[in-house]
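Notes follow once the structure below has been shown.
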Amino acid sequence: MIAVVGHPDLSASTLVLVEEELRARLVEFGRAGRAGLVRVGKGLPTAFGRAARKAGLALVTVLPSRNGMPTQLAELDRGAAGELLLLSERVRLVEYDPGDHGSCVTADESMLRHCARVLAVWDGSPSNGRDVTAHLVAYARSHGVDVEVIWPRGAGDGTVRREPS
């Protein structure tokens with residue numbers, strides 16, 4: 001499985017760049033019969049889902065659940081969830097509270113442990129409490145998961161960030 005992690009506040013123009021970059025990088029994995037894994041949400045998860053399907057990857061979408069039943073998502077994520085479900089070949093229910101930041105991080109960590117590769121849409125900035133991309137990159141690497149950092153030229157999110165080193 002190949003998962004994606006990244007900044008939650010990417011601009012619309014950056015998401016277009018990222019989706020194209022992801023599609024190009026995922027083509028070889030699609031030919032090899034790999035699957036993409038993404039936790040439901042707007043922005044980067046949806047861009048990854050579109051890119052994965054265009055590249056020929058099967059898509060597995062992780063939905064939040066409680067006691068084995070899907071839980072309701074925030075209003076902003078519902079449209080994205082619908083699109084991801086239409087793009088997905090499989091859905092995986094994972095016990096986590098989508099309204100609890102810590103619970104989402106724990107779900108992401110669990111997801112990463114089941115992957116062979118992580119594509120990190122990341123500018124190299126440190127985690128700041130809301131954006132835990134740096135933490136997830138370090139977590140994946142500490143568990144032996146290959147991490148490939150993606151930050152296309154021209155990418156941005158409205159804040160000043162440095163290039164990854």
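Following the order of the structure tokens, first chain is A, next is B, and so on, with residues numbered from 1 inside each chain and ligands from 1 in the order they appear.
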
Worksheet item: A:Ser13: which residues within 9 Å, counting only C-alpha atoms, same-chain residues fewer than 2 positions away excluded, as an MDAnalysis selection string?
Response: chainID A and resid 10:11 15:18 154:157

Fill in: alpha helix (DSSP H) per DSSP on the backbone: members of chain A, as a count of residues only
67

Practice prompt. Rank nothing, just name the residue among A:Val105, A:Ile2, A:Val121, A:Leu63 nearest to A:Val91, using only C-alpha atoms.
Written response: A:Leu63

Worksheet item: Which residue out of A:Gly30, A:Gly82, A:Gly6, A:Pro45 has the minimum interatomic distance to A:Leu57 when only C-alpha atoms are used?
Response: A:Gly30

Discussion item. Residues near A:Ala51, anyone? I mean within 6 Å using only C-alpha atoms, not counting same-chain ones fewer than 4 positions away, as a VMD selection string.
Written reply: chain A and resid 19 22 to 23

Distance query A:Val5 at most 10 Å, only C-alpha atoms, self and fewer than 5 positions along chain excluded, as a compact mmCIF listing (two decimals) with N, CA, C and O atoms, in the first residue's frame:
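New file around_18.txt:
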```
# COMPACT_ATOMS: atom_id res chain seq x y z
N VAL A 38 -5.84 6.11 1.85
CA VAL A 38 -6.02 7.50 2.26
C VAL A 38 -7.13 7.59 3.32
O VAL A 38 -8.12 6.87 3.25
N ARG A 39 -6.89 8.46 4.31
CA ARG A 39 -7.94 8.74 5.31
C ARG A 39 -8.81 9.84 4.74
O ARG A 39 -8.33 10.84 4.24
N LEU A 44 -5.92 17.46 0.30
CA LEU A 44 -4.92 16.48 -0.12
C LEU A 44 -5.47 15.06 -0.28
O LEU A 44 -5.17 14.41 -1.27
N PRO A 45 -6.29 14.55 0.65
CA PRO A 45 -6.81 13.19 0.45
C PRO A 45 -7.57 13.04 -0.87
O PRO A 45 -7.42 12.04 -1.58
N PHE A 48 -5.14 13.08 -3.79
CA PHE A 48 -4.47 11.78 -3.86
C PHE A 48 -5.41 10.74 -4.46
O PHE A 48 -5.00 9.95 -5.33
N ASP A 108 -3.87 8.00 11.64
CA ASP A 108 -2.86 8.14 10.60
C ASP A 108 -1.65 7.26 10.89
O ASP A 108 -1.12 6.60 10.00
N LEU A 112 -0.23 4.26 8.52
CA LEU A 112 1.13 4.25 7.98
C LEU A 112 1.85 2.94 8.28
O LEU A 112 2.68 2.50 7.48
N VAL A 118 5.19 5.93 1.77
CA VAL A 118 4.40 7.12 2.08
C VAL A 118 4.88 8.25 1.18
O VAL A 118 6.08 8.50 1.07
N LEU A 119 3.94 8.90 0.53
CA LEU A 119 4.22 10.12 -0.22
C LEU A 119 3.85 11.28 0.70
O LEU A 119 2.70 11.40 1.11
N ALA A 120 4.84 12.08 1.04
CA ALA A 120 4.64 13.19 1.98
C ALA A 120 4.64 14.50 1.22
O ALA A 120 5.67 14.91 0.67
N VAL A 121 3.50 15.15 1.15
CA VAL A 121 3.39 16.46 0.52
C VAL A 121 3.75 17.46 1.62
O VAL A 121 2.93 17.82 2.46
N TRP A 122 5.03 17.84 1.61
CA TRP A 122 5.61 18.51 2.77
C TRP A 122 6.72 19.45 2.34
O TRP A 122 7.57 19.11 1.52
N VAL A 132 0.73 18.13 11.52
CA VAL A 132 1.62 17.11 12.09
C VAL A 132 2.37 16.35 11.01
O VAL A 132 2.84 15.24 11.23
N THR A 133 2.52 16.95 9.84
CA THR A 133 3.19 16.27 8.74
C THR A 133 4.59 15.83 9.12
O THR A 133 4.98 14.68 8.86
N ALA A 134 5.37 16.70 9.75
CA ALA A 134 6.73 16.34 10.14
C ALA A 134 6.71 15.13 11.09
O ALA A 134 7.53 14.22 10.97
N LEU A 136 4.41 12.76 11.25
CA LEU A 136 4.03 11.55 10.51
C LEU A 136 5.16 11.05 9.62
O LEU A 136 5.34 9.84 9.47
N VAL A 137 5.93 11.95 9.05
CA VAL A 137 7.10 11.55 8.26
C VAL A 137 8.10 10.83 9.15
O VAL A 137 8.59 9.75 8.81
N VAL A 147 9.70 6.81 2.69
CA VAL A 147 9.01 8.10 2.58
C VAL A 147 9.62 8.87 1.42
O VAL A 147 10.83 9.00 1.31
N VAL A 149 9.31 12.62 -0.26
CA VAL A 149 8.80 13.96 -0.05
C VAL A 149 8.49 14.62 -1.40
O VAL A 149 9.30 14.56 -2.33
```
